[in-house]
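> Dropping a structure here in structure tokens format, bear with me for questions.
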Amino acid sequence: MKNISVESTTPIYTLSTTSTLAGIPAHSIRQYIDKGLIIPFRKESNRNLFSQVDILRLKYVNKLLAEDGLNIAGIRSLLAMIPCWAIRKCSAEAREQCQAFQSNTFPCWEASEKGISCKNANCRECEVYRIVEKYPDVKSFLKTIIN
Ligand code: SF4
């Protein structure tokens with residue numbers, strides 16, 4: 001998922017169009033949203049919109065399910081391993097308060113109690129959430145931060 005242009009992050013597609021473009025049934029996309037694998041852009045009317053980047057993310061999730069043998073719980077655990085506290089340089093105190101730092105079973109953006117550096121953050125725009133847009137898998141990213 002490399003070389004994604006800035007423009008392609010603009011949310012313009014409805015669920016129905018996204019389903020067609022991604023080749024993924026709308027009910028599966030709803031399930032991925034419910035399970036926190038994707039964060040759609042939510043309009044004031046509460047309708048979800050998706051960007052080209054979101055479509056690539058949906059395809060990545062589908063690949064993990066269809067080709068890599070993971071289930072949704074496995075993908076959540078995989079995303080939970082991203083060391084968000086190191087990327088966002090959270091203090092020891094912030095880590096103590098953060099449910100994401102403690103959990104192995106859900107991605108940090110699913111945490112109900114977040115540390116001070118994430119409390120008011122827009123996770124959809126966060127570099128942690130967007131790691132899978134820049135690296136083909138989580139391990140490729142980890143190799144860039146751990147020698
Ligand atoms: S802002 Fe959201 S996605 Fe980013 S590290 Fe914090 S909880 Fe995770």
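By convention here, the chains of the structure tokens are called A, B, ... in the order presented, each chain's residues are numbered starting at 1, and ligands are numbered starting at 1 in the order presented.
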Write out as JSON, numbers by chain each polymer residue (protein, DNA or RNA) that has an atom no more than 12 Å from ligand 1, with only C-alpha atoms and all ligand atoms counted.
{"A": [36, 37, 38, 39, 79, 80, 81, 82, 83, 84, 85, 86, 87, 88, 89, 90, 94, 95, 98, 99, 100, 101, 106, 107, 108, 109, 110, 111, 112, 113, 114, 115, 116, 117, 118, 119, 120, 121, 122, 123, 124, 125, 126, 127, 128, 129, 130, 131, 132]}
> Any idea what's packed within 12 Å of Pro136 in chain A, counting only C-alpha atoms, ignoring anything in its chain fewer than 3 positions away? Could you give it as a CSV table (one decimal) with C-alpha atoms, in the first residue's frame?

chain,number,residue,atom,x,y,z
A,1,MET,CA,0.0,0.0,0.0
A,2,LYS,CA,2.8,2.5,-0.8
A,3,ASN,CA,2.8,5.8,-2.6
A,56,LEU,CA,-7.0,-0.1,-0.1
A,57,ARG,CA,-7.2,-0.7,3.6
A,59,LYS,CA,-8.6,-4.8,0.5
A,60,TYR,CA,-5.7,-5.4,2.9
A,61,VAL,CA,-8.1,-6.6,5.6
A,63,LYS,CA,-6.3,-10.3,2.0
A,64,LEU,CA,-5.5,-11.1,5.6
A,130,ARG,CA,-2.3,4.7,9.0
A,131,ILE,CA,0.7,2.4,9.3
A,132,VAL,CA,-0.9,-0.2,7.1
A,133,GLU,CA,-1.2,2.4,4.3
A,139,LYS,CA,6.4,-6.6,10.6
A,140,SER,CA,7.8,-4.4,7.8
A,141,PHE,CA,7.0,-1.4,9.9
A,142,LEU,CA,8.5,-3.0,13.1
A,143,LYS,CA,11.8,-3.6,11.2
> Let's see if you can do this: from backbone DSSP, list all helix (DSSP H, G or I) residues in range 23-137 of chain A, as an MDAnalysis selection string.
chainID A and resid 26:34 52:66 72:80 84:87 92:97 99:102 108:110 123:125 131:134
> Using C-alpha atoms, can you write the selected residues to a file as a PDB file, in the first residue's frame?

ATOM      1  CA  ALA A  26     -21.380  -4.006   2.112  1.00  0.00           C
ATOM      2  CA  HIS A  27     -22.255  -6.255   5.057  1.00  0.00           C
ATOM      3  CA  SER A  28     -18.583  -7.288   5.357  1.00  0.00           C
ATOM      4  CA  ILE A  29     -17.504  -3.640   5.334  1.00  0.00           C
ATOM      5  CA  ARG A  30     -20.020  -2.931   8.105  1.00  0.00           C
ATOM      6  CA  GLN A  31     -18.561  -5.817  10.080  1.00  0.00           C
ATOM      7  CA  TYR A  32     -15.004  -4.480   9.639  1.00  0.00           C
ATOM      8  CA  ILE A  33     -16.228  -1.101  10.932  1.00  0.00           C
ATOM      9  CA  ASP A  34     -17.993  -2.737  13.907  1.00  0.00           C
ATOM     10  CA  GLN A  52      -9.371   5.577  -1.983  1.00  0.00           C
ATOM     11  CA  VAL A  53      -7.023   4.896   0.930  1.00  0.00           C
ATOM     12  CA  ASP A  54      -9.907   3.341   2.867  1.00  0.00           C
ATOM     13  CA  ILE A  55     -10.603   1.082  -0.110  1.00  0.00           C
ATOM     14  CA  LEU A  56      -6.967  -0.072  -0.093  1.00  0.00           C
ATOM     15  CA  ARG A  57      -7.233  -0.694   3.639  1.00  0.00           C
ATOM     16  CA  LEU A  58     -10.389  -2.756   3.119  1.00  0.00           C
ATOM     17  CA  LYS A  59      -8.601  -4.823   0.486  1.00  0.00           C
ATOM     18  CA  TYR A  60      -5.704  -5.357   2.903  1.00  0.00           C
ATOM     19  CA  VAL A  61      -8.115  -6.630   5.570  1.00  0.00           C
ATOM     20  CA  ASN A  62      -9.733  -8.910   3.009  1.00  0.00           C
ATOM     21  CA  LYS A  63      -6.337 -10.305   2.015  1.00  0.00           C
ATOM     22  CA  LEU A  64      -5.521 -11.105   5.650  1.00  0.00           C
ATOM     23  CA  LEU A  65      -8.836 -12.961   5.911  1.00  0.00           C
ATOM     24  CA  ALA A  66      -8.891 -14.706   2.540  1.00  0.00           C
ATOM     25  CA  ILE A  72     -11.139 -10.915  12.620  1.00  0.00           C
ATOM     26  CA  ALA A  73      -9.941 -11.540  16.186  1.00  0.00           C
ATOM     27  CA  GLY A  74      -6.494 -12.356  14.762  1.00  0.00           C
ATOM     28  CA  ILE A  75      -6.371  -9.134  12.766  1.00  0.00           C
ATOM     29  CA  ARG A  76      -7.393  -7.157  15.861  1.00  0.00           C
ATOM     30  CA  SER A  77      -4.585  -8.817  17.818  1.00  0.00           C
ATOM     31  CA  LEU A  78      -2.115  -8.118  15.009  1.00  0.00           C
ATOM     32  CA  LEU A  79      -3.061  -4.420  15.000  1.00  0.00           C
ATOM     33  CA  ALA A  80      -2.842  -4.393  18.816  1.00  0.00           C
ATOM     34  CA  CYS A  84       1.585   3.208  19.424  1.00  0.00           C
ATOM     35  CA  TRP A  85       3.109   4.414  22.729  1.00  0.00           C
ATOM     36  CA  ALA A  86       6.582   4.392  21.156  1.00  0.00           C
ATOM     37  CA  ILE A  87       5.425   6.110  17.957  1.00  0.00           C
ATOM     38  CA  ALA A  92       5.223   6.446  31.503  1.00  0.00           C
ATOM     39  CA  GLU A  93       2.299   8.173  33.217  1.00  0.00           C
ATOM     40  CA  ALA A  94       0.254   8.285  29.996  1.00  0.00           C
ATOM     41  CA  ARG A  95       0.969   4.587  29.393  1.00  0.00           C
ATOM     42  CA  GLU A  96      -0.321   3.743  32.841  1.00  0.00           C
ATOM     43  CA  GLN A  97      -3.638   5.467  32.064  1.00  0.00           C
ATOM     44  CA  GLN A  99      -6.059   0.856  28.023  1.00  0.00           C
ATOM     45  CA  ALA A 100      -4.371   0.419  24.623  1.00  0.00           C
ATOM     46  CA  PHE A 101      -0.964   0.007  26.292  1.00  0.00           C
ATOM     47  CA  GLN A 102      -2.329  -2.835  28.424  1.00  0.00           C
ATOM     48  CA  CYS A 108      -5.280   1.232  20.182  1.00  0.00           C
ATOM     49  CA  TRP A 109      -7.993   3.270  18.479  1.00  0.00           C
ATOM     50  CA  GLU A 110     -10.573   0.904  20.024  1.00  0.00           C
ATOM     51  CA  CYS A 123      -7.531   8.331  15.117  1.00  0.00           C
ATOM     52  CA  ARG A 124      -8.492   8.246  11.439  1.00  0.00           C
ATOM     53  CA  GLU A 125      -5.758  10.832  10.787  1.00  0.00           C
ATOM     54  CA  ILE A 131       0.701   2.423   9.255  1.00  0.00           C
ATOM     55  CA  VAL A 132      -0.871  -0.237   7.053  1.00  0.00           C
ATOM     56  CA  GLU A 133      -1.160   2.364   4.292  1.00  0.00           C
ATOM     57  CA  LYS A 134       2.617   2.773   4.209  1.00  0.00           C
TER      58      LYS A 134
END
> Using CA of Lys43 in chain A and CA of Leu15 in chain A as the two end points, give the distance in Å to one decimal.
12.4 Å
> Please give the complete set of residues from range 37-129 of chain A that DSSP, run on the backbone, assigns to strand (DSSP E), formatted as a list in words.
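Those residues are Phe41, Arg42, Asn48 and Leu49 of chain A.
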> Include C-alpha atoms and write out the residues we just selected as an mmCIF file, in the first residue's frame.

data_model
loop_
_atom_site.group_PDB
_atom_site.id
_atom_site.type_symbol
_atom_site.label_atom_id
_atom_site.label_comp_id
_atom_site.auth_asym_id
_atom_site.auth_seq_id
_atom_site.Cartn_x
_atom_site.Cartn_y
_atom_site.Cartn_z
ATOM 1 C CA PHE A 41 -15.294 9.273 7.839
ATOM 2 C CA ARG A 42 -18.632 10.036 9.503
ATOM 3 C CA ASN A 48 -20.169 6.869 6.431
ATOM 4 C CA LEU A 49 -17.901 7.933 3.602
#
